[in-house]
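Okay, data_11.txt now, which holds compact mmCIF, C-alpha atoms:
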# COMPACT_ATOMS: atom_id res chain seq x y z
CA MET A 1 0.00 0.00 0.00
CA SER A 2 2.67 2.49 1.10
CA LYS A 3 4.93 1.38 -1.73
CA LYS A 4 2.11 1.96 -4.15
CA GLN A 5 1.57 5.43 -2.75
CA ALA A 6 5.25 6.23 -3.01
CA LEU A 7 5.28 5.11 -6.60
CA ALA A 8 2.24 7.14 -7.34
CA GLY A 9 3.98 10.08 -5.68
CA ILE A 10 6.96 9.79 -7.96
CA THR A 11 4.93 9.58 -11.12
CA ARG A 12 2.90 12.54 -10.01
CA ARG A 13 6.05 14.54 -9.27
CA GLU A 14 7.52 13.52 -12.59
CA ALA A 15 4.34 14.52 -14.30
CA LEU A 16 4.47 17.93 -12.63
CA LEU A 17 8.11 18.38 -13.60
CA LEU A 18 7.31 17.42 -17.15
CA ALA A 19 4.42 19.85 -17.20
CA ALA A 20 6.64 22.62 -15.86
CA GLY A 21 9.27 21.79 -18.48
CA ALA A 22 6.69 21.82 -21.22
CA SER A 23 5.40 25.24 -20.24
CA MET A 24 8.98 26.57 -20.19
CA VAL A 25 9.43 25.30 -23.72
CA VAL A 26 6.19 26.96 -24.74
CA ALA A 27 7.23 30.22 -23.06
CA GLY A 28 10.61 30.01 -24.85
CA GLY A 29 8.85 29.48 -28.12
CA VAL A 30 6.83 32.63 -27.65
CA VAL A 31 9.95 34.73 -27.07
CA LEU A 32 11.80 33.23 -30.03
CA GLY A 33 8.80 33.20 -32.33
CA GLY A 34 8.05 36.86 -31.75
CA GLY A 35 4.68 36.25 -30.08
CA ALA A 36 3.08 34.20 -32.83
CA ALA A 37 1.52 31.84 -30.27
CA HIS A 38 -1.75 33.74 -30.11
CA ALA A 39 -4.03 35.56 -32.46
CA ASP A 40 -3.57 39.23 -33.23
CA GLN A 41 -5.94 41.81 -34.62
CA LYS A 42 -4.83 41.05 -38.16
CA MET A 43 -5.77 37.37 -37.85
CA ILE A 44 -9.22 38.36 -36.58
CA ASP A 45 -9.60 40.92 -39.39
CA ASP A 46 -8.58 38.30 -41.96
CA ALA A 47 -11.02 35.75 -40.56
CA LEU A 48 -13.79 38.38 -40.52
CA MET A 49 -12.97 39.42 -44.07
CA LYS A 50 -13.59 35.82 -45.18
CA LEU A 51 -16.90 35.69 -43.34
CA ILE A 52 -18.51 39.07 -43.87
CA GLY A 53 -16.32 40.85 -46.41
CA ASP A 54 -15.10 44.38 -45.80
CA LYS A 55 -18.14 45.52 -43.80
CA LYS A 56 -17.45 47.60 -40.71
CA PRO A 57 -19.58 46.31 -37.83
CA ILE A 58 -20.92 48.90 -35.40
CA ASP A 59 -21.28 48.40 -31.66
CA GLY A 60 -24.62 47.29 -30.28
CA LYS A 61 -27.55 44.86 -30.48
CA ILE A 62 -25.48 41.94 -29.15
CA SER A 63 -25.34 40.82 -25.57
CA LEU A 64 -22.69 38.34 -24.52
CA ASP A 65 -23.22 36.06 -21.57
CA LEU A 66 -19.76 35.25 -20.25
CA PRO A 67 -18.21 34.66 -16.84
CA GLN A 68 -15.98 37.52 -15.60
CA ILE A 69 -13.49 34.95 -14.38
CA ALA A 70 -13.15 31.46 -15.82
CA GLU A 71 -11.30 29.10 -13.49
CA ASN A 72 -10.81 26.45 -16.14
CA GLY A 73 -10.00 27.60 -19.64
CA ASN A 74 -10.87 24.18 -21.04
CA THR A 75 -14.55 24.80 -20.80
CA VAL A 76 -15.84 28.35 -20.62
CA PRO A 77 -19.57 28.86 -21.13
CA VAL A 78 -20.48 31.47 -23.72
CA GLY A 79 -23.94 32.70 -24.63
CA VAL A 80 -24.86 35.26 -27.23
CA THR A 81 -28.18 36.98 -27.87
CA VAL A 82 -28.90 39.47 -30.62
CA ASP A 83 -31.79 41.88 -30.35
CA SER A 84 -34.00 41.18 -33.39
CA PRO A 85 -37.69 40.51 -34.11
CA MET A 86 -36.65 37.46 -36.21
CA THR A 87 -39.32 38.05 -38.87
CA ALA A 88 -38.94 37.16 -42.55
CA ASP A 89 -37.77 40.68 -43.48
CA ASN A 90 -35.68 41.39 -40.37
CA TYR A 91 -33.70 38.60 -38.80
CA VAL A 92 -30.21 37.67 -37.70
CA LYS A 93 -28.43 35.54 -40.27
CA ALA A 94 -25.26 34.71 -38.41
CA VAL A 95 -23.15 35.41 -35.36
CA HIS A 96 -19.42 34.79 -35.46
CA LEU A 97 -17.46 34.35 -32.25
CA PHE A 98 -13.75 35.07 -31.87
CA ALA A 99 -11.25 34.83 -29.03
CA ASP A 100 -8.31 37.21 -29.57
CA GLY A 101 -5.85 35.39 -27.27
CA ASN A 102 -6.20 31.87 -28.63
CA PRO A 103 -3.69 30.39 -31.10
CA SER A 104 -6.35 30.72 -33.79
CA PRO A 105 -9.06 33.28 -33.16
CA GLU A 106 -12.13 31.56 -34.60
CA VAL A 107 -14.44 29.92 -32.05
CA ALA A 108 -17.72 29.30 -33.83
CA SER A 109 -20.15 30.65 -36.41
CA LEU A 110 -23.83 30.36 -35.56
CA PHE A 111 -26.41 30.53 -38.35
CA PHE A 112 -29.97 31.43 -37.49
CA THR A 113 -33.18 31.32 -39.51
CA VAL A 114 -36.63 32.85 -39.06
CA MET A 115 -37.58 29.48 -37.57
CA SER A 116 -35.08 30.04 -34.76
CA GLY A 117 -37.61 32.46 -33.27
CA LYS A 118 -34.92 34.06 -31.19
CA ALA A 119 -31.30 34.83 -32.10
CA SER A 120 -29.79 33.28 -29.03
CA ALA A 121 -27.46 30.34 -28.53
CA SER A 122 -24.87 29.09 -26.11
CA THR A 123 -21.95 26.69 -26.13
CA ARG A 124 -18.67 26.04 -24.30
CA MET A 125 -15.23 27.03 -25.51
CA ARG A 126 -11.53 26.72 -24.76
CA LEU A 127 -9.58 29.83 -23.82
CA ALA A 128 -5.78 29.74 -23.69
CA LYS A 129 -5.50 32.76 -21.37
CA THR A 130 -7.19 35.96 -20.28
CA GLN A 131 -8.52 37.61 -23.42
CA ASN A 132 -11.39 39.33 -25.23
CA ILE A 133 -14.33 37.55 -26.77
CA ILE A 134 -15.62 39.27 -29.87
CA ALA A 135 -19.01 38.63 -31.44
CA VAL A 136 -20.00 39.90 -34.87
CA ALA A 137 -23.62 39.63 -36.01
CA GLU A 138 -24.83 39.70 -39.61
CA MET A 139 -28.42 40.83 -40.13
CA SER A 140 -30.71 39.96 -43.03
CA ASP A 141 -30.57 43.57 -44.31
CA GLY A 142 -26.78 43.39 -44.58
CA SER A 143 -25.97 45.48 -41.52
CA THR A 144 -23.37 44.17 -39.07
CA TYR A 145 -22.89 44.67 -35.35
CA ARG A 146 -20.19 43.79 -32.88
CA ALA A 147 -19.62 43.31 -29.16
CA LYS A 148 -16.53 42.62 -27.10
CA GLN A 149 -16.05 41.40 -23.57
CA GLU A 150 -13.05 40.30 -21.53
CA VAL A 151 -12.82 36.97 -19.72
CA LYS A 152 -10.13 36.42 -17.11
CA VAL A 153 -8.78 32.89 -17.27
CA THR A 154 -7.10 31.29 -14.26
CA ILE A 155 -5.89 28.05 -15.90
CA GLY A 156 -5.52 28.14 -19.68
CA GLY A 157 -7.13 25.46 -21.78
CA CYS A 158 -5.06 24.83 -24.83
CA GLY A 159 -3.56 21.51 -23.89
CA GLY A 160 0.00 22.79 -24.51
CA MET B 161 -14.81 7.38 -37.02
CA ALA B 162 -14.13 8.72 -33.57
CA LYS B 163 -14.93 6.29 -30.78
CA ASN B 164 -17.84 6.39 -28.37
CA VAL B 165 -19.60 9.32 -29.93
CA LYS B 166 -23.00 9.61 -28.32
CA PRO B 167 -25.31 12.45 -29.31
CA ARG B 168 -27.93 13.60 -26.83
CA VAL B 169 -30.66 16.19 -27.33
CA ARG B 170 -33.30 17.73 -25.13
CA VAL B 171 -36.45 18.92 -26.86
CA PRO B 172 -39.71 19.64 -24.97
CA LYS B 173 -42.34 16.96 -25.66
CA LYS B 174 -45.17 19.46 -25.98
CA ALA B 175 -45.55 23.12 -26.85
CA ALA B 176 -48.27 25.57 -27.80
CA LYS B 177 -48.47 26.84 -31.38
CA GLY B 178 -46.04 29.71 -31.90
CA ASP B 179 -43.99 28.95 -28.79
CA ILE B 180 -40.26 29.53 -28.84
CA VAL B 181 -38.75 26.45 -27.26
CA GLU B 182 -35.19 25.97 -26.04
CA ILE B 183 -33.29 23.00 -27.44
CA LYS B 184 -30.16 21.64 -25.82
CA THR B 185 -27.67 19.29 -27.43
CA LEU B 186 -24.62 17.49 -26.17
CA ILE B 187 -22.37 15.06 -27.98
CA SER B 188 -19.49 13.08 -26.52
CA HIS B 189 -16.38 13.81 -28.58
CA LYS B 190 -12.75 14.55 -27.73
CA MET B 191 -12.59 17.58 -30.04
CA GLU B 192 -8.85 17.13 -30.49
CA SER B 193 -7.63 20.66 -31.19
CA GLY B 194 -4.53 19.70 -33.19
CA ARG B 195 -2.36 21.75 -30.81
CA ARG B 196 -1.94 19.25 -28.02
CA LYS B 197 1.17 17.07 -27.79
CA GLY B 198 0.74 13.34 -27.17
CA LYS B 199 2.92 11.11 -24.98
CA ASP B 200 5.45 10.77 -27.81
CA GLY B 201 5.93 14.54 -27.90
CA LYS B 202 4.33 14.88 -31.32
CA LEU B 203 1.28 16.97 -32.05
CA VAL B 204 -1.93 14.97 -31.98
CA PRO B 205 -3.67 15.65 -35.32
CA GLN B 206 -6.83 17.75 -35.27
CA SER B 207 -10.03 15.73 -35.06
CA ILE B 208 -13.17 17.67 -34.26
CA ILE B 209 -16.82 17.90 -35.12
CA ASN B 210 -16.81 20.91 -37.41
CA LYS B 211 -20.49 21.38 -38.08
CA VAL B 212 -23.87 20.81 -36.52
CA SER B 213 -27.11 21.42 -38.35
CA VAL B 214 -30.69 21.19 -37.21
CA THR B 215 -33.86 20.99 -39.25
CA PHE B 216 -37.53 20.84 -38.30
CA ASN B 217 -39.78 18.89 -40.67
CA GLY B 218 -37.00 19.21 -43.23
CA LYS B 219 -36.64 23.00 -42.96
CA PRO B 220 -33.41 24.53 -41.58
CA VAL B 221 -33.66 25.94 -38.05
CA PHE B 222 -30.12 26.42 -36.83
CA ASP B 223 -26.58 25.61 -37.97
CA ALA B 224 -23.21 26.09 -36.34
CA ASP B 225 -19.65 25.83 -37.60
CA TRP B 226 -17.27 24.75 -34.87
CA HIS B 227 -13.55 25.45 -34.64
CA PRO B 228 -10.95 23.73 -32.43
CA ALA B 229 -11.69 26.33 -29.72
CA ILE B 230 -14.93 24.50 -28.91
CA SER B 231 -14.58 22.40 -25.74
CA ALA B 232 -14.53 18.60 -25.63
CA ASN B 233 -17.99 17.01 -25.47
CA PRO B 234 -19.48 20.03 -27.23
CA TYR B 235 -22.67 21.51 -25.89
CA MET B 236 -24.93 23.75 -27.92
CA SER B 237 -28.25 25.27 -27.01
CA PHE B 238 -30.49 27.42 -29.18
CA PHE B 239 -34.16 28.17 -29.83
CA ALA B 240 -36.85 27.17 -32.30
CA LYS B 241 -40.27 28.61 -33.00
CA VAL B 242 -42.76 25.79 -33.50
CA GLU B 243 -45.99 26.25 -35.45
CA GLU B 244 -46.88 22.58 -35.96
CA SER B 245 -46.12 19.14 -34.60
CA GLY B 246 -43.14 17.47 -36.13
CA GLU B 247 -39.65 16.18 -35.83
CA PHE B 248 -36.31 17.87 -35.24
CA ALA B 249 -33.41 16.22 -37.02
CA PHE B 250 -29.90 16.87 -35.68
CA LYS B 251 -26.75 16.16 -37.64
CA TRP B 252 -23.14 16.50 -36.52
CA ILE B 253 -20.31 16.27 -39.06
CA ASP B 254 -16.88 15.00 -38.04
CA ASP B 255 -13.54 16.05 -39.61
CA ASP B 256 -13.16 12.44 -40.75
CA GLY B 257 -16.45 12.60 -42.65
CA SER B 258 -18.50 10.63 -40.11
CA ILE B 259 -22.03 11.85 -39.56
CA TYR B 260 -23.81 11.43 -36.23
CA GLU B 261 -27.58 11.82 -36.20
CA LYS B 262 -30.41 12.12 -33.71
CA LYS B 263 -34.10 12.87 -34.02
CA ALA B 264 -36.68 14.21 -31.57
CA LYS B 265 -40.42 14.74 -31.89
CA ILE B 266 -42.52 17.56 -30.52
CA THR B 267 -46.31 17.77 -30.27
CA VAL B 268 -47.75 21.22 -30.85
CA ALA B 269 -51.27 21.80 -29.60
Show how you would write the structure in this file as structure tokens.
Amino acid sequence: MSKKQALAGITRREALLLAAGASMVVAGGVVLGGGAAHADQKMIDDALMKLIGDKKPIDGKISLDLPQIAENGNTVPVGVTVDSPMTADNYVKAVHLFADGNPSPEVASLFFTVMSGKASASTRMRLAKTQNIIAVAEMSDGSTYRAKQEVKVTIGGCGG
Amino acid sequence: MAKNVKPRVRVPKKAAKGDIVEIKTLISHKMESGRRKGKDGKLVPQSIINKVSVTFNGKPVFDADWHPAISANPYMSFFAKVEESGEFAFKWIDDDGSIYEKKAKITVA
């Protein structure tokens, strides 16, 4: 029994050492690679360009439901609701979610229809570190809106 | 095909005509991000569910494109306005081309 525990202790310690080593390597990589380990504004702009073209979203209409502090970055709840009557001539077509501190900024694209009744959805996402969540909504009339909110992350969730 | 993928959905059994009902879905899947290193120190290749789409009586209700930033065992909830009784059909599409499906009926009075 005690031998087993001791063995378990060693493997655990080794595991911790390995984990510490791995994070050092990652940190080193960031310094050497000039900070390419997370998304920047250009990556978000590029991703947005692909999704909505060169439209300039204005602030408003979107409310984000996010925790202020996420203890575990592996699973952070995110909800988004867009203010819209959701009728045939005025509805929300899509909402795109981005996380500006993740290695790649895209999180999800949500596509609504008039049959959705309500432009609201929620899911769970991984966040590598404390960062901003950005939502961009596309309406049926072509207008676009955006919202941004910060989430503080205690333990990152990128499996590095 | 990824192992042990089990889709689950929660749809109310009954609703009144014109109600907006909440639908919750959960599917067991590792959602391998492609950025994690395995025991051998090599990157584990990306393997995620990249799309989920939902129809009601054959008409599209809600779709989502997922990226590796979506958590393991992905959860998704959304709404649907129901005007008639019928069946929701849920479809998840895996990176490897596998399709996971689930159906749920609702009675509208």
### Query
Quick one: which residues from chain A are at most 7 Å off chain B, using all atoms listed in the file, as JSON, numbers by chain?
{"A": [74, 75, 106, 107, 108, 109, 110, 111, 112, 113, 115, 116, 117, 118, 120, 121, 122, 123, 124, 125, 126, 159, 160]}
### Two-atom distance - atom CA of Asn217 of chain B, atom CA of Met191 of chain B (Å)
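Straight-line distance from atom CA of Asn217 of chain B to atom CA of Met191 of chain B works out to 29.2 Å.
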### Query
What lies within 7 Å of segment 81-85 of chain A using all atoms listed in the file, ignoring chain neighbours under 6 positions off, as JSON, numbers by chain?
{"A": [61, 62, 63, 64, 91, 92, 119, 120, 121]}
### Query
In Å, how far is it from atom CA of Glu247 of chain B to atom CA of Tyr260 of chain B?
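So the answer is 16.5 Å.
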### Task
Would you work out the distance separating atom CA of Val169 of chain B from atom CA of Asp254 of chain B, expressed in Å to one decimal?
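Value for the atom CA of Val169 of chain B-atom CA of Asp254 of chain B distance: 17.5 Å.
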### Message
Here's a test: counting all atoms listed in the file, identify every protein, DNA and RNA residue with an atom at most 10 Å from (-2.2, 35.1, -34.5) in the file's coordinate frame, and state them as a list in words.
### Response
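So the residues meeting the distance criterion are Gly35, Ala36, Ala37, His38, Ala39, Asp40, Gln41, Lys42, Met43, Ile44, Asp100, Gly101, Asn102, Pro103, Ser104 and Pro105 of chain A.
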## Note on the structure
Pro172 of chain B proximity check over B:Asp255, B:Lys262, B:Lys190, B:Phe248, using only C-alpha atoms: winner is B:Phe248
